[in-house]
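Enquirer: As input, take query21.txt (compact mmCIF, N, CA and C atoms):
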```txt
# COMPACT_ATOMS: atom_id res chain seq x y z
N GLN J 1 -7.73 1.64 -18.41
CA GLN J 1 -6.73 1.94 -17.39
C GLN J 1 -7.24 1.46 -16.03
N LEU J 2 -6.33 0.78 -15.31
CA LEU J 2 -6.71 0.27 -14.00
C LEU J 2 -6.95 1.45 -13.06
N PRO J 3 -8.08 1.48 -12.39
CA PRO J 3 -8.39 2.61 -11.50
C PRO J 3 -7.67 2.51 -10.15
N LEU J 4 -6.39 2.27 -10.19
CA LEU J 4 -5.53 2.22 -9.00
C LEU J 4 -4.21 2.86 -9.41
N VAL J 5 -3.92 4.03 -8.89
CA VAL J 5 -2.70 4.75 -9.26
C VAL J 5 -1.92 5.09 -8.01
N GLU J 6 -0.74 4.48 -7.89
CA GLU J 6 0.08 4.69 -6.70
C GLU J 6 1.03 5.86 -6.89
N SER J 7 1.32 6.54 -5.80
CA SER J 7 2.27 7.66 -5.82
C SER J 7 2.85 7.84 -4.43
N GLY J 8 3.87 8.67 -4.35
CA GLY J 8 4.43 9.03 -3.05
C GLY J 8 5.75 8.38 -2.70
N GLY J 9 6.22 7.47 -3.54
CA GLY J 9 7.49 6.82 -3.25
C GLY J 9 8.65 7.78 -3.44
N GLY J 10 9.83 7.29 -3.11
CA GLY J 10 11.02 8.12 -3.27
C GLY J 10 12.19 7.53 -2.51
N LEU J 11 13.23 8.35 -2.42
CA LEU J 11 14.45 7.97 -1.71
C LEU J 11 14.46 8.66 -0.36
N VAL J 12 14.69 7.89 0.67
CA VAL J 12 14.69 8.44 2.02
C VAL J 12 15.77 7.75 2.84
N GLN J 13 16.29 8.43 3.81
CA GLN J 13 17.27 7.82 4.69
C GLN J 13 16.59 6.94 5.73
N ALA J 14 17.33 5.99 6.23
CA ALA J 14 16.81 5.13 7.29
C ALA J 14 16.34 5.99 8.45
N GLY J 15 15.17 5.62 8.99
CA GLY J 15 14.57 6.40 10.06
C GLY J 15 13.60 7.45 9.58
N GLY J 16 13.59 7.68 8.28
CA GLY J 16 12.70 8.68 7.71
C GLY J 16 11.30 8.16 7.48
N SER J 17 10.47 9.01 6.88
CA SER J 17 9.06 8.68 6.66
C SER J 17 8.66 8.97 5.21
N LEU J 18 7.68 8.25 4.76
CA LEU J 18 7.03 8.49 3.48
C LEU J 18 5.55 8.20 3.63
N ARG J 19 4.76 8.88 2.83
CA ARG J 19 3.32 8.60 2.79
C ARG J 19 2.96 8.24 1.37
N LEU J 20 2.56 7.01 1.17
CA LEU J 20 2.15 6.54 -0.15
C LEU J 20 0.65 6.77 -0.31
N SER J 21 0.25 7.05 -1.52
CA SER J 21 -1.15 7.29 -1.79
C SER J 21 -1.58 6.48 -3.01
N CYS J 22 -2.80 6.01 -2.99
CA CYS J 22 -3.36 5.24 -4.10
C CYS J 22 -4.69 5.86 -4.47
N ALA J 23 -4.75 6.43 -5.65
CA ALA J 23 -5.98 7.04 -6.13
C ALA J 23 -6.86 5.98 -6.78
N THR J 24 -8.11 5.97 -6.40
CA THR J 24 -9.04 4.99 -6.96
C THR J 24 -10.41 5.64 -7.05
N THR J 25 -11.44 4.82 -7.18
CA THR J 25 -12.79 5.37 -7.26
C THR J 25 -13.49 5.18 -5.91
N ARG J 26 -14.51 5.99 -5.69
CA ARG J 26 -15.22 5.92 -4.42
C ARG J 26 -15.88 4.55 -4.23
N ASN J 27 -16.41 4.01 -5.31
CA ASN J 27 -17.09 2.73 -5.20
C ASN J 27 -16.12 1.60 -4.86
N ILE J 28 -14.96 1.60 -5.52
CA ILE J 28 -13.96 0.58 -5.22
C ILE J 28 -13.53 0.69 -3.76
N LEU J 29 -13.33 1.93 -3.34
CA LEU J 29 -12.89 2.17 -1.97
C LEU J 29 -13.96 1.74 -0.97
N ARG J 30 -15.20 1.94 -1.33
CA ARG J 30 -16.29 1.72 -0.38
C ARG J 30 -16.62 0.25 -0.18
N VAL J 31 -16.51 -0.56 -1.24
CA VAL J 31 -17.02 -1.93 -1.15
C VAL J 31 -15.94 -2.99 -0.98
N ASN J 32 -14.68 -2.64 -1.21
CA ASN J 32 -13.62 -3.64 -1.17
C ASN J 32 -12.71 -3.50 0.04
N THR J 33 -12.10 -4.62 0.39
CA THR J 33 -10.92 -4.55 1.25
C THR J 33 -9.78 -4.08 0.37
N MET J 34 -9.11 -3.04 0.80
CA MET J 34 -7.98 -2.50 0.07
C MET J 34 -6.69 -2.86 0.79
N ALA J 35 -5.63 -3.00 0.02
CA ALA J 35 -4.37 -3.41 0.63
C ALA J 35 -3.19 -2.78 -0.07
N TRP J 36 -2.11 -2.70 0.68
CA TRP J 36 -0.82 -2.34 0.12
C TRP J 36 0.06 -3.59 0.14
N TYR J 37 0.73 -3.80 -0.98
CA TYR J 37 1.67 -4.90 -1.12
C TYR J 37 3.01 -4.31 -1.49
N ARG J 38 4.05 -5.13 -1.40
CA ARG J 38 5.33 -4.70 -1.92
C ARG J 38 6.04 -5.87 -2.59
N LYS J 39 6.82 -5.51 -3.58
CA LYS J 39 7.60 -6.52 -4.29
C LYS J 39 9.06 -6.24 -3.99
N THR J 40 9.68 -7.22 -3.37
CA THR J 40 11.06 -7.04 -2.93
C THR J 40 12.03 -7.22 -4.10
N PRO J 41 13.28 -6.84 -3.92
CA PRO J 41 14.28 -7.08 -4.97
C PRO J 41 14.39 -8.56 -5.34
N GLU J 42 13.98 -9.45 -4.44
CA GLU J 42 13.99 -10.88 -4.75
C GLU J 42 12.75 -11.29 -5.52
N ASN J 43 11.93 -10.27 -5.89
CA ASN J 43 10.75 -10.47 -6.74
C ASN J 43 9.61 -11.20 -6.05
N GLN J 44 9.55 -11.09 -4.74
CA GLN J 44 8.43 -11.69 -4.01
C GLN J 44 7.46 -10.60 -3.60
N ARG J 45 6.16 -10.84 -3.85
CA ARG J 45 5.15 -9.86 -3.48
C ARG J 45 4.59 -10.25 -2.12
N GLU J 46 4.60 -9.31 -1.21
CA GLU J 46 4.10 -9.61 0.13
C GLU J 46 3.09 -8.55 0.57
N LEU J 47 2.15 -8.99 1.38
CA LEU J 47 1.13 -8.11 1.90
C LEU J 47 1.71 -7.24 3.00
N VAL J 48 1.50 -5.96 2.91
CA VAL J 48 2.02 -5.02 3.90
C VAL J 48 0.93 -4.62 4.90
N ALA J 49 -0.22 -4.24 4.37
CA ALA J 49 -1.31 -3.77 5.23
C ALA J 49 -2.62 -3.85 4.46
N ARG J 50 -3.71 -3.95 5.18
CA ARG J 50 -5.02 -3.98 4.52
C ARG J 50 -6.04 -3.26 5.40
N ILE J 51 -7.11 -2.85 4.74
CA ILE J 51 -8.20 -2.19 5.45
C ILE J 51 -9.50 -2.67 4.83
N THR J 52 -10.40 -3.16 5.64
CA THR J 52 -11.66 -3.69 5.13
C THR J 52 -12.63 -2.56 4.79
N SER J 53 -13.71 -2.93 4.17
CA SER J 53 -14.73 -1.94 3.82
C SER J 53 -15.33 -1.31 5.09
N ASN J 54 -15.21 -2.00 6.22
CA ASN J 54 -15.70 -1.46 7.49
C ASN J 54 -14.63 -0.69 8.25
N GLY J 55 -13.44 -0.59 7.66
CA GLY J 55 -12.39 0.19 8.29
C GLY J 55 -11.51 -0.56 9.25
N ILE J 56 -11.62 -1.88 9.29
CA ILE J 56 -10.77 -2.67 10.16
C ILE J 56 -9.43 -2.88 9.47
N THR J 57 -8.37 -2.59 10.19
CA THR J 57 -7.05 -2.65 9.57
C THR J 57 -6.25 -3.86 10.06
N GLY J 58 -5.32 -4.25 9.23
CA GLY J 58 -4.38 -5.30 9.58
C GLY J 58 -3.01 -4.92 9.04
N ILE J 59 -1.99 -5.12 9.83
CA ILE J 59 -0.63 -4.72 9.45
C ILE J 59 0.27 -5.95 9.56
N ALA J 60 1.13 -6.14 8.58
CA ALA J 60 2.09 -7.23 8.63
C ALA J 60 3.01 -7.03 9.83
N GLU J 61 3.49 -8.16 10.34
CA GLU J 61 4.31 -8.10 11.56
C GLU J 61 5.53 -7.20 11.37
N PHE J 62 6.14 -7.24 10.19
CA PHE J 62 7.36 -6.45 9.98
C PHE J 62 7.06 -4.95 9.96
N ALA J 63 5.79 -4.59 9.81
CA ALA J 63 5.42 -3.18 9.72
C ALA J 63 4.70 -2.65 10.95
N GLU J 64 4.42 -3.53 11.89
CA GLU J 64 3.67 -3.12 13.09
C GLU J 64 4.42 -2.05 13.85
N GLY J 65 3.66 -1.03 14.25
CA GLY J 65 4.25 0.07 15.01
C GLY J 65 4.94 1.10 14.15
N ARG J 66 5.06 0.82 12.85
CA ARG J 66 5.75 1.77 11.95
C ARG J 66 4.85 2.25 10.83
N PHE J 67 4.00 1.38 10.30
CA PHE J 67 3.15 1.71 9.15
C PHE J 67 1.70 1.81 9.59
N THR J 68 0.97 2.70 8.92
CA THR J 68 -0.46 2.87 9.17
C THR J 68 -1.17 2.94 7.83
N ILE J 69 -2.26 2.20 7.71
CA ILE J 69 -3.07 2.27 6.49
C ILE J 69 -4.37 2.98 6.80
N GLY J 70 -4.84 3.75 5.82
CA GLY J 70 -6.10 4.44 6.01
C GLY J 70 -6.75 4.78 4.68
N ARG J 71 -7.94 5.31 4.76
CA ARG J 71 -8.68 5.72 3.57
C ARG J 71 -9.11 7.18 3.71
N ASP J 72 -9.19 7.84 2.60
CA ASP J 72 -9.67 9.22 2.57
C ASP J 72 -10.78 9.29 1.54
N PHE J 73 -12.02 9.37 2.02
CA PHE J 73 -13.15 9.39 1.10
C PHE J 73 -13.36 10.75 0.45
N THR J 74 -12.69 11.78 0.94
CA THR J 74 -12.82 13.08 0.27
C THR J 74 -11.99 13.11 -1.01
N GLU J 75 -10.91 12.34 -1.01
CA GLU J 75 -10.07 12.28 -2.20
C GLU J 75 -10.07 10.90 -2.86
N ASN J 76 -10.83 9.97 -2.28
CA ASN J 76 -10.91 8.59 -2.82
C ASN J 76 -9.53 7.97 -2.95
N THR J 77 -8.82 7.97 -1.85
CA THR J 77 -7.49 7.40 -1.84
C THR J 77 -7.32 6.44 -0.66
N VAL J 78 -6.39 5.54 -0.84
CA VAL J 78 -5.91 4.69 0.25
C VAL J 78 -4.47 5.11 0.49
N TYR J 79 -4.11 5.36 1.73
CA TYR J 79 -2.75 5.80 1.99
C TYR J 79 -2.03 4.78 2.88
N LEU J 80 -0.71 4.87 2.81
CA LEU J 80 0.13 4.07 3.68
C LEU J 80 1.17 5.02 4.27
N GLN J 81 1.03 5.32 5.52
CA GLN J 81 1.99 6.16 6.22
C GLN J 81 3.08 5.26 6.77
N MET J 82 4.31 5.53 6.33
CA MET J 82 5.43 4.69 6.73
C MET J 82 6.43 5.53 7.51
N ASN J 83 6.64 5.15 8.74
CA ASN J 83 7.58 5.85 9.62
C ASN J 83 8.72 4.92 10.00
N ASN J 84 9.81 5.52 10.46
CA ASN J 84 10.97 4.74 10.88
C ASN J 84 11.36 3.70 9.83
N LEU J 85 11.50 4.16 8.62
CA LEU J 85 11.80 3.25 7.51
C LEU J 85 13.18 2.63 7.66
N LYS J 86 13.29 1.40 7.18
CA LYS J 86 14.53 0.64 7.24
C LYS J 86 14.96 0.29 5.83
N PRO J 87 16.25 0.03 5.62
CA PRO J 87 16.70 -0.35 4.27
C PRO J 87 15.95 -1.56 3.72
N GLU J 88 15.56 -2.48 4.57
CA GLU J 88 14.84 -3.66 4.10
C GLU J 88 13.41 -3.35 3.67
N ASP J 89 12.94 -2.14 3.89
CA ASP J 89 11.64 -1.72 3.38
C ASP J 89 11.71 -1.29 1.91
N SER J 90 12.89 -1.23 1.36
CA SER J 90 13.06 -0.85 -0.04
C SER J 90 12.36 -1.86 -0.94
N ALA J 91 11.47 -1.37 -1.78
CA ALA J 91 10.68 -2.25 -2.65
C ALA J 91 9.80 -1.37 -3.53
N VAL J 92 9.14 -2.01 -4.48
CA VAL J 92 8.07 -1.35 -5.21
C VAL J 92 6.78 -1.66 -4.47
N TYR J 93 6.04 -0.61 -4.14
CA TYR J 93 4.80 -0.75 -3.37
C TYR J 93 3.61 -0.60 -4.31
N TYR J 94 2.65 -1.48 -4.12
CA TYR J 94 1.44 -1.50 -4.94
C TYR J 94 0.21 -1.47 -4.04
N CYS J 95 -0.83 -0.86 -4.53
CA CYS J 95 -2.11 -1.02 -3.85
C CYS J 95 -3.03 -1.83 -4.75
N ASN J 96 -3.94 -2.52 -4.13
CA ASN J 96 -4.91 -3.31 -4.88
C ASN J 96 -6.01 -3.76 -3.94
N THR J 97 -7.00 -4.39 -4.50
CA THR J 97 -8.03 -5.00 -3.67
C THR J 97 -7.48 -6.29 -3.08
N HIS J 98 -8.12 -6.76 -2.07
CA HIS J 98 -7.66 -7.95 -1.35
C HIS J 98 -8.86 -8.84 -1.06
N PRO J 99 -8.74 -10.16 -1.22
CA PRO J 99 -7.53 -10.91 -1.49
C PRO J 99 -7.17 -11.05 -2.96
N ARG J 100 -8.09 -10.70 -3.86
CA ARG J 100 -7.78 -10.85 -5.28
C ARG J 100 -7.56 -9.49 -5.91
N ALA J 101 -6.61 -9.45 -6.83
CA ALA J 101 -6.31 -8.21 -7.52
C ALA J 101 -7.50 -7.78 -8.37
N LEU J 102 -7.72 -6.48 -8.40
CA LEU J 102 -8.81 -5.93 -9.18
C LEU J 102 -8.62 -6.25 -10.65
N TYR J 103 -9.61 -6.91 -11.24
CA TYR J 103 -9.56 -7.33 -12.65
C TYR J 103 -8.32 -8.21 -12.92
N GLY J 104 -7.73 -8.78 -11.88
CA GLY J 104 -6.56 -9.62 -12.06
C GLY J 104 -5.32 -8.84 -12.50
N SER J 105 -5.34 -7.53 -12.30
CA SER J 105 -4.25 -6.69 -12.81
C SER J 105 -3.57 -5.91 -11.69
N TRP J 106 -2.41 -5.41 -12.02
CA TRP J 106 -1.61 -4.60 -11.10
C TRP J 106 -1.18 -3.32 -11.80
N GLY J 107 -1.08 -2.27 -11.02
CA GLY J 107 -0.62 -1.00 -11.56
C GLY J 107 0.89 -0.95 -11.62
N GLN J 108 1.42 0.26 -11.81
CA GLN J 108 2.86 0.46 -11.95
C GLN J 108 3.58 0.40 -10.62
N GLY J 109 2.86 0.69 -9.55
CA GLY J 109 3.50 0.73 -8.25
C GLY J 109 4.30 2.00 -8.07
N THR J 110 4.86 2.15 -6.88
CA THR J 110 5.70 3.31 -6.58
C THR J 110 6.94 2.81 -5.83
N GLN J 111 8.09 3.25 -6.29
CA GLN J 111 9.37 2.76 -5.76
C GLN J 111 9.72 3.47 -4.45
N VAL J 112 10.04 2.68 -3.46
CA VAL J 112 10.55 3.20 -2.19
C VAL J 112 11.96 2.69 -2.01
N THR J 113 12.89 3.60 -1.79
CA THR J 113 14.28 3.23 -1.55
C THR J 113 14.72 3.87 -0.26
N VAL J 114 15.21 3.04 0.64
CA VAL J 114 15.66 3.53 1.95
C VAL J 114 17.16 3.30 2.04
N SER J 115 17.90 4.37 2.18
CA SER J 115 19.35 4.26 2.28
C SER J 115 19.77 4.14 3.74
N SER J 116 20.86 3.43 3.93
CA SER J 116 21.33 3.22 5.31
C SER J 116 22.27 4.33 5.76
```
How does this structure look as structure tokens?
Expert:
Amino acid sequence: QLPLVESGGGLVQAGGSLRLSCATTRNILRVNTMAWYRKTPENQRELVARITSNGITGIAEFAEGRFTIGRDFTENTVYLQMNNLKPEDSAVYYCNTHPRALYGSWGQGTQVTVSS
């Protein structure tokens, strides 16, 4: 089983918030750049946010000012706090290592649906 398990998605109205969480192992969290991606209804996977092993973050332009990525070493998770959600944010969200997927694999992801 891939040690990356996403959760926290759901249905929310535009302007609302969700916090996605990705459970992993402490070692994976400690040594890798971790990232959140999303797969749009057009089936394109795009990078949403990333955080390096040193804690330096990067956010995609479409998410700047709305999304925050972080790590929690007490629970060994990577989170994505999403505020002011828009209908175009609707997608399946995945976490993984960056730039290459861990073991070349992807988890199930978590569905985010934003209604207008």
Enquirer: Would you compute the box with edges along x, y and z of the file around stretch 52-66 of chain J, including every atom the file lists for it and 3 Å extra on each side, and give its centre and edge lengths in Å to one decimal, as lines of an AutoDock Vina configuration file?
Expert:
```
center_x = -4.2
center_y = -3.0
center_z = 9.4
size_x = 29.1
size_y = 16.4
size_z = 17.2
```
Enquirer: Enumerate, as a list in words, the protein, DNA and RNA residues whose atoms approach (-1.7, -0.7, -9.9) to within 7 Å, taking into account only N, CA and C atoms and the coordinate frame of the file.
Expert: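 The distance filter leaves exactly Leu2, Pro3, Leu4, Val5, Glu6, Tyr94, Cys95, Asn96, Ser105, Trp106, Gly107, Gln108 and Gly109 of chain J.
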Enquirer: Taking into account all atoms listed in the file, which residue in the set J:Ser7, J:Glu88, J:Ala60, J:Asn54 is nearest to J:Val31?
Expert: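 Looking at the shortest contact to J:Val31, the residue is J:Asn54.
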Enquirer: As an NGL selection string, list the residues of stretch 19-56 of chain J assigned to strand (DSSP E) by DSSP on the backbone atoms of this structure.
Expert: :J and (19-23 or 33-39 or 45-51)
Enquirer: Give me the residues near J:Gly10 as an MDAnalysis selection string, where near means some atom within 9 Å (using only C-alpha atoms) and where sequence neighbours in that chain fewer than 2 positions away do not count.
Expert: chainID J and resid 8 12 18 110:114
Enquirer: Got a sec: who's within 7 Å of J:Gln81, counting only C-alpha atoms, leaving out chain neighbours fewer than 6 positions off, as a PyMOL selection string?
Expert: chain J and resi 18-20+67-69
Enquirer: One number please: atom CA of J:Arg30 to atom CA of J:Gly65, in Å, one decimal.
Expert: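 Answer for the atom CA of J:Arg30 to atom CA of J:Gly65 separation: 25.7 Å.
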Enquirer: Identify the residues around (-13.6, 8.1, -1.5) within a radius of 7 Å, measuring from only N, CA and C atoms in the coordinates stated by the file, and give them as a ChimeraX atom specification.
Expert: /J:24-27,29-30,71-77
Enquirer: Could you write those residues out with N, CA and C atoms, as a CSV table (one decimal), keeping the file's coordinate frame?
Expert:
```csv
chain,number,residue,atom,x,y,z
J,24,THR,N,-8.1,6.0,-6.4
J,24,THR,CA,-9.0,5.0,-7.0
J,24,THR,C,-10.4,5.6,-7.0
J,25,THR,N,-11.4,4.8,-7.2
J,25,THR,CA,-12.8,5.4,-7.3
J,25,THR,C,-13.5,5.2,-5.9
J,26,ARG,N,-14.5,6.0,-5.7
J,26,ARG,CA,-15.2,5.9,-4.4
J,26,ARG,C,-15.9,4.6,-4.2
J,27,ASN,N,-16.4,4.0,-5.3
J,27,ASN,CA,-17.1,2.7,-5.2
J,27,ASN,C,-16.1,1.6,-4.9
J,29,LEU,N,-13.3,1.9,-3.3
J,29,LEU,CA,-12.9,2.2,-2.0
J,29,LEU,C,-14.0,1.7,-1.0
J,30,ARG,N,-15.2,1.9,-1.3
J,30,ARG,CA,-16.3,1.7,-0.4
J,30,ARG,C,-16.6,0.2,-0.2
J,71,ARG,N,-7.9,5.3,4.8
J,71,ARG,CA,-8.7,5.7,3.6
J,71,ARG,C,-9.1,7.2,3.7
J,72,ASP,N,-9.2,7.8,2.6
J,72,ASP,CA,-9.7,9.2,2.6
J,72,ASP,C,-10.8,9.3,1.5
J,73,PHE,N,-12.0,9.4,2.0
J,73,PHE,CA,-13.2,9.4,1.1
J,73,PHE,C,-13.4,10.8,0.4
J,74,THR,N,-12.7,11.8,0.9
J,74,THR,CA,-12.8,13.1,0.3
J,74,THR,C,-12.0,13.1,-1.0
J,75,GLU,N,-10.9,12.3,-1.0
J,75,GLU,CA,-10.1,12.3,-2.2
J,75,GLU,C,-10.1,10.9,-2.9
J,76,ASN,N,-10.8,10.0,-2.3
J,76,ASN,CA,-10.9,8.6,-2.8
J,76,ASN,C,-9.5,8.0,-3.0
J,77,THR,N,-8.8,8.0,-1.8
J,77,THR,CA,-7.5,7.4,-1.8
J,77,THR,C,-7.3,6.4,-0.7
```
Enquirer: Between J:Ala101, J:Gly70, J:Lys39, J:Leu80, single out the one closest to J:Ser21, counting only C-alpha atoms.
Expert: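 Of the candidates, the smallest distance to J:Ser21 is held by J:Leu80.
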Enquirer: Using only C-alpha atoms, can you tell me which of J:Asn43, J:Thr97, J:Ser90, J:Asn84 comes closest to J:Leu11?
Expert: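 Closest to J:Leu11 of all the choices is J:Ser90.
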Enquirer: Can you measure atom C of J:Ala23 to atom N of J:Leu102 for me? One decimal in Å is fine.
Expert: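 Computing the Euclidean distance for atom C of J:Ala23 and atom N of J:Leu102 yields 12.6 Å.
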Enquirer: Using all atoms listed in the file, pick whichever of J:Met34, J:Pro99, J:Gly16, J:Pro41 has the shortest atom-to-atom distance to J:Ser53.
Expert: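 When distances to J:Ser53 are compared using all atoms listed in the file, the smallest one comes from J:Met34.
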Enquirer: Would you work out the distance separating atom N of J:Ile59 from atom CA of J:Ser116, expressed in Å to one decimal?
Expert: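 A separation of 25.2 Å between them.
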Enquirer: Would you give me, as a list in words, the residues in chain J that DSSP reads as alpha helix (DSSP H)?
Expert: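 Secondary structure check on chain J, alpha helix (DSSP H): Arg26, Asn27, Ile28, Leu29, Arg30 and Val31 of chain J.
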Enquirer: Go ahead and save the picked residues with N, CA and C atoms, as a PDB file, in the frame of the given file.
Expert:
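Now in again-v4.pdb:
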```
ATOM      1  N   ARG J  26     -14.510   5.990  -5.690  1.00  0.00           N
ATOM      2  CA  ARG J  26     -15.220   5.920  -4.420  1.00  0.00           C
ATOM      3  C   ARG J  26     -15.880   4.550  -4.230  1.00  0.00           C
ATOM      4  N   ASN J  27     -16.410   4.010  -5.310  1.00  0.00           N
ATOM      5  CA  ASN J  27     -17.090   2.730  -5.200  1.00  0.00           C
ATOM      6  C   ASN J  27     -16.120   1.600  -4.860  1.00  0.00           C
ATOM      7  N   ILE J  28     -14.960   1.600  -5.520  1.00  0.00           N
ATOM      8  CA  ILE J  28     -13.960   0.580  -5.220  1.00  0.00           C
ATOM      9  C   ILE J  28     -13.530   0.690  -3.760  1.00  0.00           C
ATOM     10  N   LEU J  29     -13.330   1.930  -3.340  1.00  0.00           N
ATOM     11  CA  LEU J  29     -12.890   2.170  -1.970  1.00  0.00           C
ATOM     12  C   LEU J  29     -13.960   1.740  -0.970  1.00  0.00           C
ATOM     13  N   ARG J  30     -15.200   1.940  -1.330  1.00  0.00           N
ATOM     14  CA  ARG J  30     -16.290   1.720  -0.380  1.00  0.00           C
ATOM     15  C   ARG J  30     -16.620   0.250  -0.180  1.00  0.00           C
ATOM     16  N   VAL J  31     -16.510  -0.560  -1.240  1.00  0.00           N
ATOM     17  CA  VAL J  31     -17.020  -1.930  -1.150  1.00  0.00           C
ATOM     18  C   VAL J  31     -15.940  -2.990  -0.980  1.00  0.00           C
TER      19      VAL J  31
END
```
Enquirer: My list of candidates is J:Gly9, J:Glu46, J:Thr52, J:Gly15. Which is closest to J:Asn32 when distances are computed with only C-alpha atoms?
Expert: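 For J:Asn32, the nearest of the candidates is J:Thr52.
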Enquirer: Can I get stretch 68-84 of chain J with N, CA, C and O atoms filled in, as a CSV table (one decimal), in the coordinates of the input?
Expert:
```csv
chain,number,residue,atom,x,y,z
J,68,THR,N,1.0,2.7,8.9
J,68,THR,CA,-0.5,2.9,9.2
J,68,THR,C,-1.2,2.9,7.8
J,68,THR,O,-0.7,3.7,6.9
J,69,ILE,N,-2.3,2.2,7.7
J,69,ILE,CA,-3.1,2.3,6.5
J,69,ILE,C,-4.4,3.0,6.8
J,69,ILE,O,-4.9,2.9,7.9
J,70,GLY,N,-4.8,3.8,5.8
J,70,GLY,CA,-6.1,4.4,6.0
J,70,GLY,C,-6.8,4.8,4.7
J,70,GLY,O,-6.2,4.6,3.6
J,71,ARG,N,-7.9,5.3,4.8
J,71,ARG,CA,-8.7,5.7,3.6
J,71,ARG,C,-9.1,7.2,3.7
J,71,ARG,O,-9.4,7.6,4.8
J,72,ASP,N,-9.2,7.8,2.6
J,72,ASP,CA,-9.7,9.2,2.6
J,72,ASP,C,-10.8,9.3,1.5
J,72,ASP,O,-10.5,9.3,0.3
J,73,PHE,N,-12.0,9.4,2.0
J,73,PHE,CA,-13.2,9.4,1.1
J,73,PHE,C,-13.4,10.8,0.4
J,73,PHE,O,-14.2,10.9,-0.5
J,74,THR,N,-12.7,11.8,0.9
J,74,THR,CA,-12.8,13.1,0.3
J,74,THR,C,-12.0,13.1,-1.0
J,74,THR,O,-12.3,13.8,-2.0
J,75,GLU,N,-10.9,12.3,-1.0
J,75,GLU,CA,-10.1,12.3,-2.2
J,75,GLU,C,-10.1,10.9,-2.9
J,75,GLU,O,-9.4,10.7,-3.8
J,76,ASN,N,-10.8,10.0,-2.3
J,76,ASN,CA,-10.9,8.6,-2.8
J,76,ASN,C,-9.5,8.0,-3.0
J,76,ASN,O,-9.1,7.5,-4.0
J,77,THR,N,-8.8,8.0,-1.8
J,77,THR,CA,-7.5,7.4,-1.8
J,77,THR,C,-7.3,6.4,-0.7
J,77,THR,O,-8.0,6.5,0.3
J,78,VAL,N,-6.4,5.5,-0.8
J,78,VAL,CA,-5.9,4.7,0.2
J,78,VAL,C,-4.5,5.1,0.5
J,78,VAL,O,-3.7,5.2,-0.5
J,79,TYR,N,-4.1,5.4,1.7
J,79,TYR,CA,-2.8,5.8,2.0
J,79,TYR,C,-2.0,4.8,2.9
J,79,TYR,O,-2.6,4.0,3.6
J,80,LEU,N,-0.7,4.9,2.8
J,80,LEU,CA,0.1,4.1,3.7
J,80,LEU,C,1.2,5.0,4.3
J,80,LEU,O,2.0,5.5,3.6
J,81,GLN,N,1.0,5.3,5.5
J,81,GLN,CA,2.0,6.2,6.2
J,81,GLN,C,3.1,5.3,6.8
J,81,GLN,O,2.8,4.4,7.6
J,82,MET,N,4.3,5.5,6.3
J,82,MET,CA,5.4,4.7,6.7
J,82,MET,C,6.4,5.5,7.5
J,82,MET,O,7.0,6.5,7.0
J,83,ASN,N,6.6,5.2,8.7
J,83,ASN,CA,7.6,5.8,9.6
J,83,ASN,C,8.7,4.9,10.0
J,83,ASN,O,8.6,3.7,9.9
J,84,ASN,N,9.8,5.5,10.5
J,84,ASN,CA,11.0,4.7,10.9
J,84,ASN,C,11.4,3.7,9.8
J,84,ASN,O,11.5,2.5,10.1
```
